[in-house]
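**Student:** I am attaching a structure below and will ask some questions about it afterwards.
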Number of protein chains: 2
Amino acid sequence: MVEDRKLAVLRAIVEDYVSTQEPVGSKALVERHRLGVSPATVRNDMAALEDEGFITQPHTSAGRIPTDKGYRLFVDRLSQVKPLSAAEKRAITTLLEGAIDLDDVVQRSVRLLAQLTRQVAIVQYPTLSRSTVRHVELVTLASTRLLLVLILSTGRVEQRVVELPEPLDDETVAGIRTALNRATLGEKLSDAAERLADVPEQYDPADRAPVAVVVAALVEAMSDHRSDERVMVGGTANLARFGDSFDASIKPMLEALEEHVVLLKLLGEATSPSTLTVRIGHEVPYQELSTTSVVATGYGPGDEALATLGIVGPTRMDYPSTMATVRAVARYVSKILDEG
Amino acid sequence: MVEDRKLAVLRAIVEDYVSTQEPVGSKALVERHRLGVSPATVRNDMAALEDEGFITQPHTSAGRIPTDKGYRLFVDRLSQVKPLSAAEKRAITTLLEGAIDLDDVVQRSVRLLAQLTRQVAIVQYPTLSRSTVRHVELVTLASTRLLLVLILSTGRVEQRVVELPEPLDDETVAGIRTALNRATLGEKLSDAAERLADVPEQYDPADRAPVAVVVAALVEAMSDHRSDERVMVGGTANLARFGDSFDASIKPMLEALEEHVVLLKLLGEATSPSTLTVRIGHEVPYQELSTTSVVATGYGPGDEALATLGIVGPTRMDYPSTMATVRAVARYVSKILDEG
DNA sequence: ATTGGCACTCGAAACACGTGAGTGCCAACC
DNA sequence: GGTTGGCACTCACGTGTTTCGAGTGCCAAT
């Protein structure tokens, strides 16, 4: 079929362009791929592909390069996910195995992604709002100063120092601790905050003020969206690898990497670990990053997407292996979180 | 004096080169600075300066640019620290004022440094080993699992999950908590670790095993040098500002920024906030960064240098104002830590 | 539908050339 | 002795010209 061959040509163009970084012409194409037809035929196909907007020429008398639309088609229909090499699998397990806490898992994942894909890696910390309360602890620091520690099911620990309007004796503190735990243990953060509303009312109006302060701090810690927005970035040195053409976009890229809000938007909504989100060029929600693609997916224990991780790189990237790596890392991290 | 004028010429060359980024010639020099002599005279001085190794020509028929040695002399003898503008002072106070915890202070300092100097900023977290213990808390997570929380005088909180060989009842846990606090409260970390050695011995040999595990975890948390090595980086987007010549060194720079160990070595030993360390070009302990300079200083409460902060940029930078900014930020951060 | 042939286009590299900023040196001057 | 104007010299840089060739589009033949 003609249509089939046209797709084969597109695939060949994408593959060659990705590996050589140079516009690819009809002759080189038939030489490097067993297309079984002459350059002239390929030229006809290329002309058709160009009409349909999948490829373009940087200038007359040059070869073709894929457009965003071309990459899109390539990703959607042409590329089969490349299986990871044994060495890569080994790297994933050995590197993630030794993680000691949540921070460490995130950090190791970032490194891993960056190394394997040779792109810039981004890992979002597990989202606070979906996790549940494992324990609330109060520690007396001084007569009017408490430390509030909130431990979540994901292993995250949030702490706040609370200044009390009046001193509380240890017994009262213990009582408050019990009350707080009873109200919130096992609850989702969003629900837990509501449950707390009643707590101060159980107390004598005279003692209510300090309790209210503690509860307010706890609610604040639970709803603090700063923590939702935490991400870790790695592999920025890979930016320097990109050829000249990408040099222009290195600045917006570096700027984006400093703004965690931007990165979160890039990663997008958390999807299940089995679904990969690929955004190509103009599909990325920032105009300045229109020569950039994002490959991301959700991760979390039990196939529930707690957060997102992924990579950012030039549109001209090796999608099949990048996608395979991102997916593999997400799955493995999910597994780790399941166990921990 | 002739010698004086030569230094004036060097200063003028540095200033012009820093602002224009282009080799500066004798004629332009007399025009832009009131040197009161003719270009020919300046040329003689320049020839002398070149002989002495303070300046060099990129090629014949071009102007001169300072060598590392030239910058060194400039920094040591020629530049008076430029006072900050009112706007800059305001920026420092307003931005740092609102910090809510230690993490936030560090983060805001990085942003501030990066914005004001328009360079890459690095801030080391206050060093663990010099701080003292404020509180140790144990939280029962499960029958054989405890959460250990270590609160330090600097506001830093370290936590560890401890797996016990056998269950402990709440009373015993409370006893251990008291013992741990008694042994370590107010102690420096280095001393506290020693003090803990006795704690298990106070217990019945039968109960000693779990206690030993907890103590070991605490000692580990105290001596964990991972925390010593934590740094925060900001303003990497400023790398993109540097002209072509610096482009070559952008890659090693990005690589260095990923390695916290490297950054710590760059920052060097913490000095008192009143002393600025300036390393220029080859003085930087990494060959790859020989077109780079570092301006750093210590900070911490009460003029005691807990950690280091500073900036990294091309040797061709505006030393007077950069040095002023770094010093000002360090002082202000120290003040904040004093109060907090 | 495919293919070989052919004229055409246009970027990249090579080369030549003039321009000018900047230098070093020297003789004259203060 | 230090300073200055004059002058010949160097060489990076920008501009214009030319050549070269990879790659294209089109067409007639298969």
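Simple scheme: letters A, B, ... for chains in structure tokens order, numbers from 1 for residues in each chain, numbers from 1 for ligands in the order shown.
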Got a sec to pull out which chain A residues are within 10 Å of chain B, counting only C-alpha atoms, and send them as a compact mmCIF listing (two decimals) with N, CA and C atoms, in the first residue's frame?

**Tutor:**
```txt
# COMPACT_ATOMS: atom_id res chain seq x y z
N ILE A 100 16.53 5.48 51.23
CA ILE A 100 16.26 5.37 52.65
C ILE A 100 15.00 6.11 53.09
N ASP A 101 14.64 7.18 52.41
CA ASP A 101 13.39 7.84 52.75
C ASP A 101 12.78 8.46 51.50
N ARG A 111 17.75 11.42 39.30
CA ARG A 111 19.07 11.09 38.75
C ARG A 111 18.96 10.00 37.69
N ARG A 134 -1.17 9.64 59.15
CA ARG A 134 -0.71 8.46 59.87
C ARG A 134 -0.53 8.77 61.36
N HIS A 135 -0.11 9.99 61.63
CA HIS A 135 0.11 10.34 63.03
C HIS A 135 0.29 11.85 63.16
N VAL A 136 -0.21 12.36 64.29
CA VAL A 136 0.03 13.75 64.63
C VAL A 136 0.75 13.77 65.98
N GLU A 137 1.82 14.51 66.05
CA GLU A 137 2.58 14.53 67.29
C GLU A 137 2.77 15.98 67.76
N LEU A 138 2.66 16.17 69.05
CA LEU A 138 2.93 17.49 69.63
C LEU A 138 4.13 17.38 70.56
N VAL A 139 5.04 18.29 70.42
CA VAL A 139 6.22 18.28 71.27
C VAL A 139 6.35 19.64 71.94
N THR A 140 6.50 19.63 73.24
CA THR A 140 6.65 20.90 73.95
C THR A 140 8.09 21.39 73.81
N LEU A 141 8.22 22.55 73.25
CA LEU A 141 9.57 23.11 73.10
C LEU A 141 9.86 24.08 74.24
N LEU A 147 5.94 22.12 69.09
CA LEU A 147 6.26 21.68 67.73
C LEU A 147 5.18 20.69 67.31
N VAL A 149 4.04 18.00 64.57
CA VAL A 149 4.58 17.13 63.52
C VAL A 149 3.44 16.33 62.90
N ILE A 151 2.58 13.39 60.26
CA ILE A 151 3.17 12.30 59.49
C ILE A 151 2.12 11.71 58.55
N GLY A 155 4.80 8.96 53.88
CA GLY A 155 6.11 9.06 54.49
C GLY A 155 6.56 10.50 54.63
N VAL A 157 6.76 14.13 56.09
CA VAL A 157 6.60 14.69 57.42
C VAL A 157 6.57 16.21 57.31
N GLU A 158 5.53 16.81 57.83
CA GLU A 158 5.42 18.27 57.86
C GLU A 158 5.54 18.72 59.30
N GLN A 159 6.24 19.83 59.50
CA GLN A 159 6.30 20.30 60.88
C GLN A 159 6.06 21.80 60.97
N ARG A 160 5.51 22.20 62.08
CA ARG A 160 5.22 23.60 62.32
C ARG A 160 5.54 23.93 63.77
N VAL A 161 6.06 25.11 63.97
CA VAL A 161 6.22 25.58 65.34
C VAL A 161 5.01 26.44 65.68
N VAL A 233 14.41 18.63 40.25
CA VAL A 233 14.88 18.67 38.88
C VAL A 233 16.30 18.10 38.81
N GLY A 234 16.61 17.41 37.74
CA GLY A 234 17.97 16.91 37.60
C GLY A 234 18.35 16.78 36.14
N GLY A 235 19.64 16.66 35.93
CA GLY A 235 20.10 16.46 34.56
C GLY A 235 20.15 17.73 33.73
N THR A 236 20.18 18.87 34.39
CA THR A 236 20.23 20.11 33.62
C THR A 236 21.47 20.19 32.74
N ALA A 237 22.51 19.48 33.16
CA ALA A 237 23.73 19.51 32.34
C ALA A 237 23.45 18.95 30.94
N ASN A 238 22.42 18.13 30.83
CA ASN A 238 22.09 17.60 29.52
C ASN A 238 21.65 18.68 28.55
N LEU A 239 21.25 19.81 29.07
CA LEU A 239 20.87 20.92 28.20
C LEU A 239 22.03 21.31 27.31
N ALA A 240 23.22 21.19 27.85
CA ALA A 240 24.39 21.62 27.10
C ALA A 240 24.68 20.70 25.92
N ARG A 241 24.13 19.51 25.96
CA ARG A 241 24.36 18.57 24.87
C ARG A 241 23.68 19.00 23.58
N ASP A 247 20.10 25.81 21.31
CA ASP A 247 20.72 26.83 22.15
C ASP A 247 19.79 28.00 22.42
N ALA A 248 19.03 28.35 21.40
CA ALA A 248 18.13 29.48 21.55
C ALA A 248 17.10 29.23 22.64
N SER A 249 16.73 27.99 22.79
CA SER A 249 15.67 27.71 23.76
C SER A 249 16.24 27.30 25.11
N ILE A 250 17.54 27.40 25.25
CA ILE A 250 18.12 27.00 26.53
C ILE A 250 17.77 28.01 27.60
N LYS A 251 17.65 29.25 27.22
CA LYS A 251 17.32 30.27 28.21
C LYS A 251 15.90 30.08 28.76
N PRO A 252 14.88 30.07 27.92
CA PRO A 252 13.54 29.81 28.45
C PRO A 252 13.48 28.51 29.25
N MET A 253 14.26 27.54 28.81
CA MET A 253 14.27 26.26 29.51
C MET A 253 14.82 26.45 30.93
N LEU A 254 15.94 27.10 31.05
CA LEU A 254 16.52 27.33 32.37
C LEU A 254 15.57 28.15 33.24
N GLU A 255 14.91 29.11 32.62
CA GLU A 255 13.96 29.91 33.39
C GLU A 255 12.82 29.06 33.89
N ALA A 256 12.32 28.21 33.01
CA ALA A 256 11.22 27.34 33.40
C ALA A 256 11.63 26.43 34.55
N LEU A 257 12.86 25.96 34.51
CA LEU A 257 13.31 25.01 35.52
C LEU A 257 13.40 25.65 36.90
N GLU A 258 13.44 26.96 36.94
CA GLU A 258 13.49 27.63 38.24
C GLU A 258 12.10 27.83 38.83
```

**Student:** For chain A, which residues have at least one atom within 7 Å of chain D, if we go by only C-alpha atoms (C1' of nucleotides)? Write them as a PDB file with N, CA and C atoms, in the first residue's frame, please.

**Tutor:**
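Listed below is the output, part_30.pdb:
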```pdb
ATOM      1  N   GLY A  25      17.547  13.815   3.302  1.00  0.00           N
ATOM      2  CA  GLY A  25      17.125  13.850   1.904  1.00  0.00           C
ATOM      3  C   GLY A  25      16.688  12.483   1.405  1.00  0.00           C
ATOM      4  N   SER A  61      16.300  23.230  -1.320  1.00  0.00           N
ATOM      5  CA  SER A  61      17.597  22.577  -1.511  1.00  0.00           C
ATOM      6  C   SER A  61      18.146  21.986  -0.223  1.00  0.00           C
ATOM      7  N   ALA A  62      17.272  21.773   0.739  1.00  0.00           N
ATOM      8  CA  ALA A  62      17.692  21.038   1.927  1.00  0.00           C
ATOM      9  C   ALA A  62      16.763  19.850   2.085  1.00  0.00           C
ATOM     10  N   GLY A  63      17.125  18.930   2.924  1.00  0.00           N
ATOM     11  CA  GLY A  63      16.274  17.779   3.194  1.00  0.00           C
ATOM     12  C   GLY A  63      15.060  18.181   4.017  1.00  0.00           C
TER      13      GLY A  63
END
```

**Student:** If we count only C-alpha atoms (C1' of nucleotides) and set the cut-off at 12 Å, which residues sit around Arg34 of chain A, ignoring sequence neighbours fewer than 6 positions away in its own chain? Please answer as a ChimeraX atom specification.

**Tutor:** /A:5,8-9,12,27-28,42

**Student:** Please produce an output containing C-alpha atoms for each residue in the selection, written as a compact mmCIF listing (two decimals), in the first residue's frame.

**Tutor:**
```
# COMPACT_ATOMS: atom_id res chain seq x y z
CA ARG A 5 4.94 3.31 2.63
CA ALA A 8 7.33 4.16 6.68
CA VAL A 9 9.02 7.13 5.06
CA ALA A 12 12.51 6.79 8.62
CA LYS A 27 18.77 9.60 -1.33
CA ALA A 28 20.21 9.14 2.11
CA VAL A 42 10.42 8.66 -1.91
```

**Student:** Output as an mmCIF file with C-alpha atoms (C1' of nucleotides), in the first residue's frame the set of chain C residues within 9 Å of chain A, with distances taken over only C-alpha atoms (C1' of nucleotides).

**Tutor:**
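Contents of the output file iface27.cif:
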```
data_model
loop_
_atom_site.group_PDB
_atom_site.id
_atom_site.type_symbol
_atom_site.label_atom_id
_atom_site.label_comp_id
_atom_site.auth_asym_id
_atom_site.auth_seq_id
_atom_site.Cartn_x
_atom_site.Cartn_y
_atom_site.Cartn_z
ATOM 1 C "C1'" DA C 1 2.389 3.555 -9.681
ATOM 2 C "C1'" DT C 2 7.249 3.767 -10.300
ATOM 3 C "C1'" DT C 3 11.471 5.309 -12.141
ATOM 4 C "C1'" DG C 4 15.477 7.685 -14.437
ATOM 5 C "C1'" DT C 9 17.529 26.397 -6.325
ATOM 6 C "C1'" DC C 10 20.014 27.954 -2.673
ATOM 7 C "C1'" DG C 11 22.798 27.300 1.594
#
```

**Student:** Go through segment 108-294 of chain A and collect every residue that DSSP, computed from the backbone, puts in helix (DSSP H, G or I); the answer should be as a PyMOL selection string.

**Tutor:** chain A and resi 108-117+170-184+189-202+208-223+227-229+236-241+244-247+250-258+260-267+281-283+287-289

**Student:** How about saving the chosen residues, C-alpha atoms kept, as a PDB file, in the first residue's frame?

**Tutor:**
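Saved result, selection24.pdb, follows:
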```pdb
ATOM      1  CA  ARG A 108      17.330   8.934  43.072  1.00  0.00           C
ATOM      2  CA  SER A 109      14.482   8.825  40.597  1.00  0.00           C
ATOM      3  CA  VAL A 110      15.481  12.176  39.194  1.00  0.00           C
ATOM      4  CA  ARG A 111      19.070  11.090  38.746  1.00  0.00           C
ATOM      5  CA  LEU A 112      18.017   7.859  37.178  1.00  0.00           C
ATOM      6  CA  LEU A 113      15.683   9.469  34.700  1.00  0.00           C
ATOM      7  CA  ALA A 114      18.234  12.080  33.779  1.00  0.00           C
ATOM      8  CA  GLN A 115      20.970   9.545  33.256  1.00  0.00           C
ATOM      9  CA  LEU A 116      18.953   7.048  31.287  1.00  0.00           C
ATOM     10  CA  THR A 117      17.182   9.483  29.000  1.00  0.00           C
ATOM     11  CA  ASP A 170       1.891  18.444  79.698  1.00  0.00           C
ATOM     12  CA  GLU A 171      -1.294  16.668  80.526  1.00  0.00           C
ATOM     13  CA  THR A 172      -3.389  19.026  78.448  1.00  0.00           C
ATOM     14  CA  VAL A 173      -0.961  18.702  75.591  1.00  0.00           C
ATOM     15  CA  ALA A 174      -1.274  14.946  75.778  1.00  0.00           C
ATOM     16  CA  GLY A 175      -5.040  15.287  75.704  1.00  0.00           C
ATOM     17  CA  ILE A 176      -4.943  17.504  72.666  1.00  0.00           C
ATOM     18  CA  ARG A 177      -2.604  15.085  70.967  1.00  0.00           C
ATOM     19  CA  THR A 178      -5.024  12.242  71.556  1.00  0.00           C
ATOM     20  CA  ALA A 179      -7.946  14.303  70.324  1.00  0.00           C
ATOM     21  CA  LEU A 180      -6.144  15.349  67.194  1.00  0.00           C
ATOM     22  CA  ASN A 181      -5.167  11.812  66.363  1.00  0.00           C
ATOM     23  CA  ARG A 182      -8.618  10.472  67.020  1.00  0.00           C
ATOM     24  CA  ALA A 183     -10.100  13.049  64.684  1.00  0.00           C
ATOM     25  CA  THR A 184      -7.682  12.645  61.818  1.00  0.00           C
ATOM     26  CA  LEU A 189      -6.128  15.412  54.303  1.00  0.00           C
ATOM     27  CA  SER A 190      -9.128  17.130  52.816  1.00  0.00           C
ATOM     28  CA  ASP A 191     -11.515  15.280  55.135  1.00  0.00           C
ATOM     29  CA  ALA A 192      -9.237  15.519  58.138  1.00  0.00           C
ATOM     30  CA  ALA A 193      -9.303  19.282  58.064  1.00  0.00           C
ATOM     31  CA  GLU A 194     -13.073  19.257  58.399  1.00  0.00           C
ATOM     32  CA  ARG A 195     -13.060  16.765  61.231  1.00  0.00           C
ATOM     33  CA  LEU A 196     -10.851  19.062  63.211  1.00  0.00           C
ATOM     34  CA  ALA A 197     -13.441  21.801  63.416  1.00  0.00           C
ATOM     35  CA  ASP A 198     -15.124  20.134  66.385  1.00  0.00           C
ATOM     36  CA  VAL A 199     -12.054  19.547  68.468  1.00  0.00           C
ATOM     37  CA  PRO A 200     -11.788  22.926  70.225  1.00  0.00           C
ATOM     38  CA  GLU A 201     -15.432  22.750  71.235  1.00  0.00           C
ATOM     39  CA  GLN A 202     -14.745  19.750  73.423  1.00  0.00           C
ATOM     40  CA  ARG A 208     -10.145  26.848  74.116  1.00  0.00           C
ATOM     41  CA  ALA A 209      -7.843  29.558  72.799  1.00  0.00           C
ATOM     42  CA  PRO A 210      -4.562  27.579  72.769  1.00  0.00           C
ATOM     43  CA  VAL A 211      -6.312  24.531  71.360  1.00  0.00           C
ATOM     44  CA  ALA A 212      -7.715  26.587  68.543  1.00  0.00           C
ATOM     45  CA  VAL A 213      -4.252  27.847  67.722  1.00  0.00           C
ATOM     46  CA  VAL A 214      -2.883  24.325  67.494  1.00  0.00           C
ATOM     47  CA  VAL A 215      -5.779  23.158  65.356  1.00  0.00           C
ATOM     48  CA  ALA A 216      -5.379  26.140  63.067  1.00  0.00           C
ATOM     49  CA  ALA A 217      -1.711  25.316  62.590  1.00  0.00           C
ATOM     50  CA  LEU A 218      -2.555  21.718  61.797  1.00  0.00           C
ATOM     51  CA  VAL A 219      -5.210  22.685  59.279  1.00  0.00           C
ATOM     52  CA  GLU A 220      -2.761  25.082  57.738  1.00  0.00           C
ATOM     53  CA  ALA A 221      -0.122  22.372  57.492  1.00  0.00           C
ATOM     54  CA  MET A 222      -2.619  20.069  55.838  1.00  0.00           C
ATOM     55  CA  SER A 223      -3.811  22.540  53.293  1.00  0.00           C
ATOM     56  CA  SER A 227       4.166  21.092  49.476  1.00  0.00           C
ATOM     57  CA  ASP A 228       1.943  20.107  46.581  1.00  0.00           C
ATOM     58  CA  GLU A 229       4.089  22.183  44.377  1.00  0.00           C
ATOM     59  CA  THR A 236      20.226  20.109  33.618  1.00  0.00           C
ATOM     60  CA  ALA A 237      23.727  19.509  32.338  1.00  0.00           C
ATOM     61  CA  ASN A 238      22.092  17.597  29.518  1.00  0.00           C
ATOM     62  CA  LEU A 239      20.868  20.916  28.204  1.00  0.00           C
ATOM     63  CA  ALA A 240      24.390  21.624  27.100  1.00  0.00           C
ATOM     64  CA  ARG A 241      24.360  18.574  24.866  1.00  0.00           C
ATOM     65  CA  ASP A 244      23.057  24.911  18.234  1.00  0.00           C
ATOM     66  CA  SER A 245      19.445  25.076  17.230  1.00  0.00           C
ATOM     67  CA  PHE A 246      18.360  24.265  20.724  1.00  0.00           C
ATOM     68  CA  ASP A 247      20.721  26.827  22.145  1.00  0.00           C
ATOM     69  CA  ILE A 250      18.124  26.999  26.533  1.00  0.00           C
ATOM     70  CA  LYS A 251      17.322  30.267  28.207  1.00  0.00           C
ATOM     71  CA  PRO A 252      13.539  29.811  28.455  1.00  0.00           C
ATOM     72  CA  MET A 253      14.272  26.262  29.515  1.00  0.00           C
ATOM     73  CA  LEU A 254      16.518  27.335  32.370  1.00  0.00           C
ATOM     74  CA  GLU A 255      13.964  29.915  33.387  1.00  0.00           C
ATOM     75  CA  ALA A 256      11.216  27.339  33.402  1.00  0.00           C
ATOM     76  CA  LEU A 257      13.309  25.013  35.522  1.00  0.00           C
ATOM     77  CA  GLU A 258      13.489  27.627  38.239  1.00  0.00           C
ATOM     78  CA  HIS A 260       8.248  25.023  40.026  1.00  0.00           C
ATOM     79  CA  VAL A 261       4.779  26.156  39.117  1.00  0.00           C
ATOM     80  CA  VAL A 262       5.732  26.118  35.479  1.00  0.00           C
ATOM     81  CA  LEU A 263       7.217  22.656  35.806  1.00  0.00           C
ATOM     82  CA  LEU A 264       4.072  21.310  37.388  1.00  0.00           C
ATOM     83  CA  LYS A 265       2.064  22.684  34.534  1.00  0.00           C
ATOM     84  CA  LEU A 266       4.475  21.049  32.141  1.00  0.00           C
ATOM     85  CA  LEU A 267       4.098  17.695  33.805  1.00  0.00           C
ATOM     86  CA  GLY A 281       6.425  21.337  20.648  1.00  0.00           C
ATOM     87  CA  HIS A 282       3.472  23.690  20.452  1.00  0.00           C
ATOM     88  CA  GLU A 283       1.392  21.256  22.508  1.00  0.00           C
ATOM     89  CA  GLN A 287       5.086  29.369  23.871  1.00  0.00           C
ATOM     90  CA  GLU A 288       8.734  29.879  24.708  1.00  0.00           C
ATOM     91  CA  LEU A 289       9.180  26.135  24.916  1.00  0.00           C
TER      92      LEU A 289
END
```

**Student:** Where does DSSP see strand (DSSP E) in segment 31-121 of chain B, if you list the residues as a list of chain:residue names?

**Tutor:** B:Ile55, B:Thr56, B:Ile65, B:Pro66, B:Val120, B:Ala121

**Student:** For the selection you just gave me, I'd like the residues written to a file as a PDB file, in the first residue's frame, keeping C-alpha atoms.

**Tutor:**
```pdb
ATOM      1  CA  ILE B  55      46.428  42.133  31.026  1.00  0.00           C
ATOM      2  CA  THR B  56      46.693  40.410  27.687  1.00  0.00           C
ATOM      3  CA  ILE B  65      41.562  42.275  28.489  1.00  0.00           C
ATOM      4  CA  PRO B  66      42.411  41.600  32.130  1.00  0.00           C
ATOM      5  CA  VAL B 120      24.075  31.830  39.831  1.00  0.00           C
ATOM      6  CA  ALA B 121      23.544  31.795  43.572  1.00  0.00           C
TER       7      ALA B 121
END
```

**Student:** Take atom CA of Ser272 of chain B and atom CA of Leu84 of chain B and report the distance between them in Å, one decimal.

**Tutor:**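 So the answer is 20.2 Å.
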
**Student:** Rounded to one decimal in Å, what is the spacing between atom CA of Lys89 of chain B and atom CA of Gly313 of chain B?

**Tutor:**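 So the two atoms, atom CA of Lys89 of chain B and atom CA of Gly313 of chain B, lie 21.9 Å apart.
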
**Student:** State, in Å with one decimal place, the distance from atom CA of Leu337 of chain B to atom CA of Ile122 of chain B.

**Tutor:** 17.6 Å

**Student:** Could you give me, as a PyMOL selection string, the residues within 8 Å of Met232 of chain A, counting only C-alpha atoms (C1' of nucleotides) and dropping anything in the same chain fewer than 6 positions from it?

**Tutor:** chain A and resi 106-107+110+122-125

**Student:** Compile the contact shell of Glu50 of chain B as a PyMOL selection string: residues with an atom at most 10 Å away, counting only C-alpha atoms (C1' of nucleotides), same-chain residues fewer than 3 positions apart removed.

**Tutor:** chain B and resi 44-47+53-57+64-67+70

**Student:** Those selected residues, please, written with C-alpha atoms and delivered as a PDB file, in the first residue's frame.

**Tutor:**
```pdb
ATOM      1  CA  ASN B  44      53.173  52.524  27.363  1.00  0.00           C
ATOM      2  CA  ASP B  45      51.489  51.705  30.629  1.00  0.00           C
ATOM      3  CA  MET B  46      49.524  48.968  28.980  1.00  0.00           C
ATOM      4  CA  ALA B  47      52.676  47.432  27.567  1.00  0.00           C
ATOM      5  CA  GLY B  53      50.962  39.712  33.395  1.00  0.00           C
ATOM      6  CA  PHE B  54      47.953  41.750  34.463  1.00  0.00           C
ATOM      7  CA  ILE B  55      46.428  42.133  31.026  1.00  0.00           C
ATOM      8  CA  THR B  56      46.693  40.410  27.687  1.00  0.00           C
ATOM      9  CA  GLN B  57      45.619  40.798  24.094  1.00  0.00           C
ATOM     10  CA  ARG B  64      43.532  44.385  26.111  1.00  0.00           C
ATOM     11  CA  ILE B  65      41.562  42.275  28.489  1.00  0.00           C
ATOM     12  CA  PRO B  66      42.411  41.600  32.130  1.00  0.00           C
ATOM     13  CA  THR B  67      44.029  38.302  33.103  1.00  0.00           C
ATOM     14  CA  GLY B  70      44.671  41.449  36.750  1.00  0.00           C
TER      15      GLY B  70
END
```

**Student:** If we count only C-alpha atoms (C1' of nucleotides), what is near Gln21 of chain A at a cut-off of 10 Å, once residues fewer than 2 positions away on the same chain are taken out, given as a list in words?

**Tutor:**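 Here the qualifying residues turn out to be Val14, Glu15, Asp16, Tyr17, Val18, Ser19, Pro23, Val24, Ile65, Phe242, Gly243, Ser245, Arg316 and Met317 of chain A.
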